[in-house]
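Accompanying notes for the structure given below.
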Amino acid sequence: MTECDPKAMKKAAAEKAVDEYVKDGMTVGLGTGSTAYFAIMRVAELVKQGYRLKCVATSQQTEDIAVENGIEVVDINDVDYIDVTIDGADEVDPKLNLIKGLGGALLREKIVAAATQMEVIVVDESKIVESLGVKTSLPVEVCRFGHVRTAYGLKLQGCEPVLRMKGGEPFVSDGGNYIYDCKFPQIDKPFFLQSAIDTIPGVVECGLFLNMAAAAVVAHKDGTVTEMKC
Ligand SMILES: O=C(CO)[C@H](O)[C@H](O)COP(=O)(O)O
C-alpha cells in the first residue's frame with residue numbers, strides 16, 4: 001500500500017471486515033459511502049465464488065451498486081434479522097459510539113443497524129476521535145414541513161445547524177427528508193444529546209449511533225489494519 005493513500009486504506013479495512021465477518025448463508029447489511037463501497041464489491045466477489053448471501057441495502061445508491069454486481073438484495077421487512085452489517089462512519093470514539101450520515105443515508109443506516117446482530121464499522125484512522133463532534137458536524141434528518149422551526153430547536157442544543165444543499169437545492173434523503181449538519185464545539189454527553197434531539201418535533205433521525213457498533217476495522221497509513229471491539 002502506498003503510504004497515505006486514502007482509497008487503499010478504505011479498501012483494506014472493508015475487505016478485511018468482509019473476509020472476517022461474512023459467512024456463507026448469512027443475511028448481510030450493506031452500508032453506504034466510499035468505504036462501504038469496497039465492502040459491497042468484496043461481497044459481490046464472495047457471491048461469484050458461490051456464497052449464498054441475502055443482502056439488505058442502506059440506501060438506493062447501495063442497492064443499485066449491489067444489484068449491478070450480482071448481489072441479491074431483499075427488503076428489510078422480509079428478514080427476521082440481519083447477521084452482520086458492514087458500514088462506514090464519519091467519527092468513531094473509543095467506546096465505538098459513532099457519528100454517521102455525512103453520506104446522507106443515516107435513517108436507513110440506523111434502521112438496518114438496529115436490526116443487525118453484529119454491526120461492523122470500516123474506517124481509516126482519520127475517523128478515530130477521542131470525543132464525538134470534534135471533527136465533523138452531526139447530521140440530523142428532519143421532516144421538510146416546518147424544517148426552519150426544527151432547526152431552531154436544534155440550535156437551542158448548542159450547535160450551528162446548516163441545511164445541507166446539493167446543486168443549489170436542499171439535499172433530499174432517500175426518505176424524502178432534509179438534513180441539517182449541526183456543528184457542535186464537542187459532544188461531551190452523546191446520550192443526553194441524542195435524547196434531547198429526538199424530542200424536537202420534526203426530527204426524523206439523528207446521526208449519533210450509540211451502543212450500536214460491535215467492532216470497528218481501522219486501516220492505518222502505514223498499511224496495517226487493526227480492530228477495535230467493545
Ligand atoms: O454514514 C454514512 C452515509 O450516510 C457513511 O457511512 C459515512 O459518511 C462514511 O462515508 P465514507 O466511507 O465515504 O467516508
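Order determines the names: the first chain of the C-alpha cells is A, the second B, and so forth; residues in each chain are numbered 1 upward, and ligands are numbered 1 upward as they are shown.
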
Residues within 8 Å of ligand 1, counting only C-alpha atoms and all ligand atoms: report them as a PyMOL selection string.
-> chain A and resi 10+31-37+87-90+99-106+109+122-123+207

Based on DSSP run over this structure's backbone, return all residues of segment 7-230 of chain A in strand (DSSP E), as a short mmCIF file (atom, residue, chain, number, x, y, z; two decimals) with C-alpha atoms, in the first residue's frame.
data_model
loop_
_atom_site.label_atom_id
_atom_site.label_comp_id
_atom_site.auth_asym_id
_atom_site.auth_seq_id
_atom_site.Cartn_x
_atom_site.Cartn_y
_atom_site.Cartn_z
CA THR A 27 -28.12 -12.10 5.71
CA VAL A 28 -25.78 -9.14 5.28
CA GLY A 29 -26.42 -5.41 5.65
CA LEU A 30 -24.64 -3.31 3.05
CA LYS A 54 -29.11 -12.27 1.11
CA CYS A 55 -28.36 -8.57 1.46
CA VAL A 56 -30.23 -5.56 2.81
CA ALA A 57 -29.18 -2.16 1.43
CA ILE A 82 -29.50 -9.25 9.78
CA ASP A 83 -26.47 -11.32 10.80
CA VAL A 84 -23.82 -8.73 10.04
CA THR A 85 -23.74 -5.23 8.58
CA ILE A 86 -20.58 -3.63 7.24
CA ASP A 87 -20.87 0.16 7.15
CA GLU A 91 -16.35 9.58 13.54
CA VAL A 92 -15.68 6.68 15.90
CA LEU A 98 -20.37 6.94 16.10
CA ILE A 99 -21.36 9.92 14.05
CA THR A 116 -28.35 -6.23 12.96
CA GLN A 117 -26.68 -8.68 15.33
CA MET A 118 -23.09 -7.60 14.53
CA GLU A 119 -22.60 -4.04 13.26
CA VAL A 120 -19.05 -3.76 11.90
CA ILE A 121 -17.68 -0.32 11.07
CA VAL A 122 -14.99 0.19 8.44
CA VAL A 123 -12.91 3.36 8.55
CA ASP A 124 -9.47 4.77 8.08
CA LEU A 138 -23.68 15.94 13.36
CA PRO A 139 -26.19 15.23 10.57
CA VAL A 140 -29.83 15.36 11.65
CA GLU A 141 -32.57 14.27 9.25
CA VAL A 142 -35.74 16.35 9.56
CA GLU A 160 -24.98 25.83 14.37
CA PRO A 161 -27.39 23.91 12.09
CA VAL A 162 -26.76 24.28 8.36
CA LEU A 163 -29.26 22.98 5.82
CA MET A 165 -27.56 21.64 -0.12
CA LYS A 166 -26.96 19.82 -3.41
CA GLU A 169 -31.33 22.98 -3.79
CA PRO A 170 -31.77 21.38 -0.38
CA TYR A 178 -33.95 17.32 4.59
CA ILE A 179 -30.69 17.08 6.54
CA TYR A 180 -29.22 19.73 8.85
CA ASP A 181 -25.49 19.44 9.55
CA CYS A 182 -25.06 20.60 13.15
CA LYS A 183 -21.59 21.71 14.25
CA VAL A 203 -36.64 15.39 13.82
CA VAL A 204 -36.75 12.10 11.92
CA GLU A 205 -33.36 10.70 12.96
CA CYS A 206 -30.06 11.89 14.33
CA LEU A 208 -25.47 9.60 16.64
CA PHE A 209 -25.15 5.79 16.61
CA ALA A 215 -16.42 -3.74 16.13
CA ALA A 216 -14.51 -1.23 14.03
CA VAL A 217 -11.96 -2.32 11.44
CA VAL A 218 -9.47 0.51 11.09
CA ALA A 219 -6.93 0.98 8.28
CA VAL A 225 -5.33 -2.85 9.69
CA THR A 226 -6.37 -3.11 13.33
CA GLU A 227 -9.63 -3.81 15.10
CA MET A 228 -11.45 -2.07 17.94
CA LYS A 229 -14.04 -4.06 19.90
#

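For the choices A:Asp93, A:Asp19, A:Glu63, A:Glu45, the atom-to-atom distance to Cys230 of chain A is smallest for A:Asp93 when using only C-alpha atoms.
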
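Residues within 7 Å of segment 184-197 of chain A, counting only C-alpha atoms and excluding same-chain residues fewer than 2 positions away, are Ser131, Leu132, Gly133, Val134, Ser137, Leu154, Gly158, Cys159, Glu160, Cys182, Thr199, Ile200 and Leu208 of chain A.
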
Those residues you just picked out, can you put them in a file as a PDB file, in the first residue's frame with C-alpha atoms?
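Written output follows (again29.pdb):
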ATOM      1  CA  SER A 131     -14.687  12.695  21.652  1.00  0.00           C
ATOM      2  CA  LEU A 132     -17.531  12.847  19.109  1.00  0.00           C
ATOM      3  CA  GLY A 133     -18.136  16.093  17.261  1.00  0.00           C
ATOM      4  CA  VAL A 134     -14.573  17.381  17.301  1.00  0.00           C
ATOM      5  CA  SER A 137     -20.879  18.132  12.057  1.00  0.00           C
ATOM      6  CA  LEU A 154     -31.545  22.104  17.112  1.00  0.00           C
ATOM      7  CA  GLY A 158     -25.828  24.499  21.275  1.00  0.00           C
ATOM      8  CA  CYS A 159     -24.965  23.933  17.644  1.00  0.00           C
ATOM      9  CA  GLU A 160     -24.977  25.833  14.373  1.00  0.00           C
ATOM     10  CA  CYS A 182     -25.059  20.597  13.147  1.00  0.00           C
ATOM     11  CA  THR A 199     -37.703  15.056  21.322  1.00  0.00           C
ATOM     12  CA  ILE A 200     -37.649  18.026  18.911  1.00  0.00           C
ATOM     13  CA  LEU A 208     -25.473   9.598  16.636  1.00  0.00           C
TER      14      LEU A 208
END

note - atom CA of Arg42 of chain A and atom CA of Gln60 of chain A are separated by 18.7 Å

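Counting only C-alpha atoms, the residue from A:Ala39, A:His220, A:Lys155, A:Ile65 that sits nearest to Ile128 of chain A is A:His220.
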
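Scanning segment 80-185 of chain A with DSSP on the backbone, the helix (DSSP H, G or I) assignments fall on A:Leu106, A:Leu107, A:Arg108, A:Glu109, A:Lys110, A:Ile111, A:Val112, A:Ala113, A:Ala114, A:Glu125, A:Ser126, A:Lys127, A:His147, A:Val148, A:Arg149, A:Thr150, A:Ala151, A:Tyr152, A:Gly153, A:Leu154, A:Lys155.
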
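Excluding Gly146 of chain A and any residue on its chain fewer than 4 positions from it, the residues at most 10 Å away by only C-alpha atoms are Val142, Thr150, Ala151, Pro201 and Gly202 of chain A.
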
Give me the residues within 9 Å of Gly176 of chain A as a PyMOL selection string, counting only C-alpha atoms and dropping any in the same chain fewer than 3 places off.
-> chain A and resi 143-144+172-173
